[in-house]
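Following: one structure in structure tokens, then a few remarks.
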Amino acid sequence: MMRTLTLCGILIAVTSLQAAHYEISFDQATSTALVRVRLDSGTATDFHMPAWSPGDYRIVDFGKHVSAPRFTRLGTRVTSSHPSVNHWKADEPADMVEYRVSTQKSGIFSENFRMTSDEVFVHGPAVFGWFEGHQKEKQVLALTPYPGDSATVAIALPSTDQYTFTANNYDVLLDSPFAMGSKVRIAEFVVGGKRHQVSAFGPRSQGVPLNGFVEIGQRVATQCLDLFGELPYEKYVFLYDFGGGGGGLEHMNSARMAMWGDGSGAEDFIAHEFFHAFNVKRIRPKTLGPFDYSKPAVTGALWWLEGVTDYYAEVINVRAGYKTRESAMRSLSSELRAFNRDSDRLKVSADESSRRVWESNNSSGYGINYYTKGKIIGWILDLAIRGETGGKKSLDDVVRSLYAETKGDKPGFSETRIRELCVEIGGAALGPIYDDCVTRAVELPIATVLPKVGMVITDGVVNDNPSASSAIGKKWPKQIDALPGLISWEGRRPWQQLTTSS
Ligand SMILES: [Zn+2]
């Protein structure tokens with residue numbers, strides 16, 4: 001037994017030493033980055049670039065921006081072939097590859113690889129490929145400072161020195177975008193004992209004050225801490241790209257968001273991207289992590305991942321004091337009215353829209369926009385659970401249960417799990433409500449849900465029904481007093497000023 005233990009100890013020690021090293025430097029004259037990927041131990045013949053980027057559900061083929069990979073083993077050149085756009089094959093086992101990758105225009109949601117005279121922004125899939133068989137090893141990222149030695153780096157990865165960072169595996173490396181430059185600014189705050197950074201970069205970042213962004217970050221993180229009971233990272237970075245392209249893209253421990261002007265009114269956007277640290281990056285279907293970057297990851301749950309995240313952006317902003325319950329109701333009602341004018345709502349279900357996004361290739365879904373429909377579905381499911389349980393349970397309970405089942409290294413949820421949890425938590429009535437919302441292309445069942453929570457639609461706006469108490473009271477007498485608060489999102493821990501430093 002002792003001998004086995006000793007051997008195990010040695011094996012563990014050896015395994016933990018193995019790493020894939022990524023060294024990257026930047027050349028403004030050629031608008032390229034030079035990337036060197038070196039294996040500590042072992043060799044590989046196959047090297048790949050991602051076909052797509054998590055969070056942006058369409059094929060991009062990042063391999064097309066890579067030129068002339070050069071494979072070596074122990075410093076000796078190894079010839080190679082290029083079987084397909086994202087795949088290179090060394091003729092003999094290699095332990096290193098070097099390649100140049102060019103700057104690329106932004107995608108729908110994120111900049112990919114951008115370089116100016118004073119900064120770079122790097123989105124992992126645009127630049128970093130992987131040696132087959134070495135994705136699970138520790139990955140070490142070494143940056144050559146750009147544009148000079150005093151460059152500041154905004155990145156979520158833990159560092160071993162100013163320009164060297166480590167990721168537990170390739171998925172984490174790929175999911176840790178960074179901005180580096182002479183004008184990159186960082187402010188810090190702490191919530192729940194966890195370090196948060198607010199970073200500003202991009203062509204229009206100079207002079208934009210960060211205090212407001214620090215406050216939004218504190219309020220939003222505090223509400224998520226209250227909802228989930230924990231913050232699932234050691235450090236989180238808000239990457240604000242002022243004047244940058246694309247929209248916003250979520251990552252495990254950061255989000256990169258394009259900002260215009262001074263970012264006023266961006267609370268919903270920020271809450272949406274931050275909530276993704278839970279919903280999408282931890283709460284996810286099985287196909288969304290660990291990833292297969294070589295082919296589409298099809299799921300019927302994008303309405304949940306994007307739309308319900310958008311619903312929670314509203315909820316969090318009410319709880320955080322940025323908007324009132326009434327203004328959230330008005331904005332949700334307005335989205336419901338717009339949705340009800342779309343004839344495709346009776347042709348394409350939320351589930352189908354999610355699954356077929358890869359065909360439409362525009363990341364809004366197939367016929368129906370799963371952001372909009374998913375947001376309304378989140379609202380209806382929340383109302384339905386509150387109505388069916390007399391206000392004892394809500395969508396919060398579904399979200400928390402999903403989080404408990406998927407966080408850490410656990411696998412993602414099965415495609416039927418959200419329905420099961422809605423029924424478990426909200427009762428049998430939630431089954432058909434879920435089906436009408438998600439799997440069938442029929443009218444959304446809001447009219448059947450509202451009376452149970454004492455609400456009504458008047459002139460297209462959902463609001464409290466002033467005469468609901470008596471009608472509802474006959475069925476649930478004990479709840480009459482609770483009715484005004486039945487769908488209230490308030491009542492959580494009031495926001496407090498927290499430690500700030502910059
Ligand atoms: Zn999103």
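Quick note on naming: the chains in the structure tokens go A, B, ... in the order shown, residues restart at 1 in each chain, and ligands are numbered from 1 in order of appearance.
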(message) To check your reading of the model: which residues sit at most 7 Å from ligand 1 when counting only C-alpha atoms and all ligand atoms? Write the answer as a PyMOL selection string.
(response) chain A and resi 249-250+272-273+276+306+309
Selection above as a file: N, CA and C atoms, as a PDB file, in the first residue's frame:
ATOM      1  N   LEU A 249     -19.606  39.788 -24.591  1.00  0.00           N
ATOM      2  CA  LEU A 249     -19.443  38.337 -24.570  1.00  0.00           C
ATOM      3  C   LEU A 249     -18.996  37.889 -23.187  1.00  0.00           C
ATOM      4  N   GLU A 250     -19.697  36.847 -22.709  1.00  0.00           N
ATOM      5  CA  GLU A 250     -19.444  36.329 -21.373  1.00  0.00           C
ATOM      6  C   GLU A 250     -18.280  35.345 -21.374  1.00  0.00           C
ATOM      7  N   HIS A 272     -26.634  41.691 -17.402  1.00  0.00           N
ATOM      8  CA  HIS A 272     -26.784  40.536 -18.308  1.00  0.00           C
ATOM      9  C   HIS A 272     -25.453  39.777 -18.408  1.00  0.00           C
ATOM     10  N   GLU A 273     -24.397  40.490 -18.744  1.00  0.00           N
ATOM     11  CA  GLU A 273     -23.108  39.809 -18.941  1.00  0.00           C
ATOM     12  C   GLU A 273     -22.584  39.198 -17.632  1.00  0.00           C
ATOM     13  N   HIS A 276     -24.221  35.962 -16.658  1.00  0.00           N
ATOM     14  CA  HIS A 276     -23.698  34.838 -17.449  1.00  0.00           C
ATOM     15  C   HIS A 276     -22.571  34.090 -16.720  1.00  0.00           C
ATOM     16  N   GLU A 306     -29.796  32.767 -22.827  1.00  0.00           N
ATOM     17  CA  GLU A 306     -29.764  34.182 -23.186  1.00  0.00           C
ATOM     18  C   GLU A 306     -30.999  34.943 -22.694  1.00  0.00           C
ATOM     19  N   THR A 309     -31.378  34.976 -18.890  1.00  0.00           N
ATOM     20  CA  THR A 309     -30.334  35.890 -18.408  1.00  0.00           C
ATOM     21  C   THR A 309     -30.803  37.339 -18.559  1.00  0.00           C
TER      22      THR A 309
END
(request) Identify, on the basis of only C-alpha atoms, every residue whose closest approach to range 438-444 of chain A does not exceed 12 Å; exclude the query and any residue fewer than 2 positions from it along the same chain; express the result as a PyMOL selection string. (result) chain A and resi 300-304+307+336-337+339-355+367-368+370+373-381+415-416+418-419+430-436+446-450
Hey, which bits of range 162-253 of chain A sit within 9 Å of range 102-106 of chain A, and for each residue what's the closest pair of atoms and how far apart in Å (one decimal), counting only C-alpha atoms, rows by chain and increasing number, as CSV?
residue,atom,partner,partner_atom,distance
A:Gly244,CA,A:Ser106,CA,8.4
A:Gly245,CA,A:Ser106,CA,5.6
A:Gly246,CA,A:Ser106,CA,5.7
Atoms kept (N, CA and C atoms) for selection, written as an mmCIF file, in the first residue's frame:
data_model
loop_
_atom_site.group_PDB
_atom_site.id
_atom_site.type_symbol
_atom_site.label_atom_id
_atom_site.label_comp_id
_atom_site.auth_asym_id
_atom_site.auth_seq_id
_atom_site.Cartn_x
_atom_site.Cartn_y
_atom_site.Cartn_z
ATOM 1 N N GLY A 244 -15.115 50.073 -28.857
ATOM 2 C CA GLY A 244 -14.780 48.810 -29.510
ATOM 3 C C GLY A 244 -15.966 48.263 -30.300
ATOM 4 N N GLY A 245 -15.709 47.251 -31.130
ATOM 5 C CA GLY A 245 -16.766 46.661 -31.940
ATOM 6 C C GLY A 245 -17.452 45.507 -31.235
ATOM 7 N N GLY A 246 -18.481 44.955 -31.895
ATOM 8 C CA GLY A 246 -19.207 43.834 -31.304
ATOM 9 C C GLY A 246 -20.049 44.301 -30.125
#
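CA of Val97 in chain A is positioned 16.0 Å from CA of Pro50 in chain A.
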(request) Can you list, as a VMD selection string, all residues belonging to range 281-430 of chain A that DSSP tags as helix (DSSP H, G or I)? (result) chain A and resid 302 to 319 325 to 340 343 to 346 350 to 355 357 to 360 370 to 388 395 to 406 417 to 426 430
(message) Can you pull out every residue from range 319-465 of chain A that DSSP, working from the backbone, puts in strand (DSSP E or B), and format the result as an MDAnalysis selection string?
(response) chainID A and resid 413 455:458 461:464
(message) Excluding range 83-85 of chain A and its own-chain neighbours fewer than 2 positions away, which residues fall within 8 Å of it when counting only C-alpha atoms? Please give them as a PyMOL selection string.
(response) chain A and resi 61+63-64+81+87-89
(message) Residues near Cys224 in chain A, anyone? I mean within 9 Å using only C-alpha atoms, not counting same-chain ones fewer than 3 positions away, as a list in words.
(response) Arg219, Val220, Ala221, Leu227, Phe228, Gly229, Glu230, Leu231, Phe274, Phe275, Phe278 and Ile316 of chain A
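Excluding Ser199 in chain A itself and same-chain residues fewer than 2 positions from it, the residues having an atom within 9 Å of it are Ala154, Ala179, Val184, Arg185, Ile186, Ala187, Glu188, Gln197, Phe201, Leu210, Val237, Phe238, Leu239, Tyr240 and Asp241 of chain A, counting only C-alpha atoms.
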(message) Which residues are close to Leu34 in chain A, i.e. within 9 Å by only C-alpha atoms, leaving aside same-chain residues fewer than 3 positions away? Reply as a list of chain:residue names.
(response) A:Glu23, A:Ile24, A:Ser25, A:Phe26, A:Asp27, A:Glu98, A:Tyr99, A:Arg100, A:Val101
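Distances from A:Gly261, A:Thr458, A:Arg256, A:Leu225 to Gln206 in chain A were compared using only C-alpha atoms, and the smallest one belongs to A:Gly261.
Relative to CA of Leu157 in chain A, CA of Lys235 in chain A is found at 8.0 Å.
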(request) Please measure the separation of CA of Lys452 in chain A and CA of Ala468 in chain A, giving the value in Å to one decimal. (result) 9.1 Å
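Checking A:Thr144, A:Arg284, A:His251, A:Met115 one by one against Pro203 in chain A, counting only C-alpha atoms, you find the shortest gap at A:Met115.
The shortest atom-to-atom distance to Ser53 in chain A, with only C-alpha atoms taken into account, belongs to A:Val127 out of A:Ala428, A:Ala328, A:Ile270, A:Val127.
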(request) Fewer than 4 positions away in the same chain doesn't count, so skip those; otherwise give me all residues within 7 Å of range 407-410 of chain A, counting only C-alpha atoms, as a PyMOL selection string. (result) chain A and resi 282-283+403
Quick one: write out the picked residues with N, CA, C and O atoms as a compact mmCIF listing (two decimals), in the first residue's frame?
# COMPACT_ATOMS: atom_id res chain seq x y z
N ARG A 282 -21.59 28.46 -15.86
CA ARG A 282 -21.69 27.33 -14.91
C ARG A 282 -22.98 26.56 -15.19
O ARG A 282 -22.95 25.36 -15.42
N ILE A 283 -24.12 27.24 -15.13
CA ILE A 283 -25.40 26.59 -15.49
C ILE A 283 -25.42 26.49 -17.01
O ILE A 283 -25.53 27.48 -17.71
N TYR A 403 -27.89 25.66 -10.69
CA TYR A 403 -26.51 26.05 -10.36
C TYR A 403 -25.85 24.97 -9.49
O TYR A 403 -24.72 24.54 -9.76
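Distance check against Glu359 in chain A using only C-alpha atoms: of A:Leu141, A:Ala404, A:Ala313, A:Val298, the minimum falls on A:Val298.
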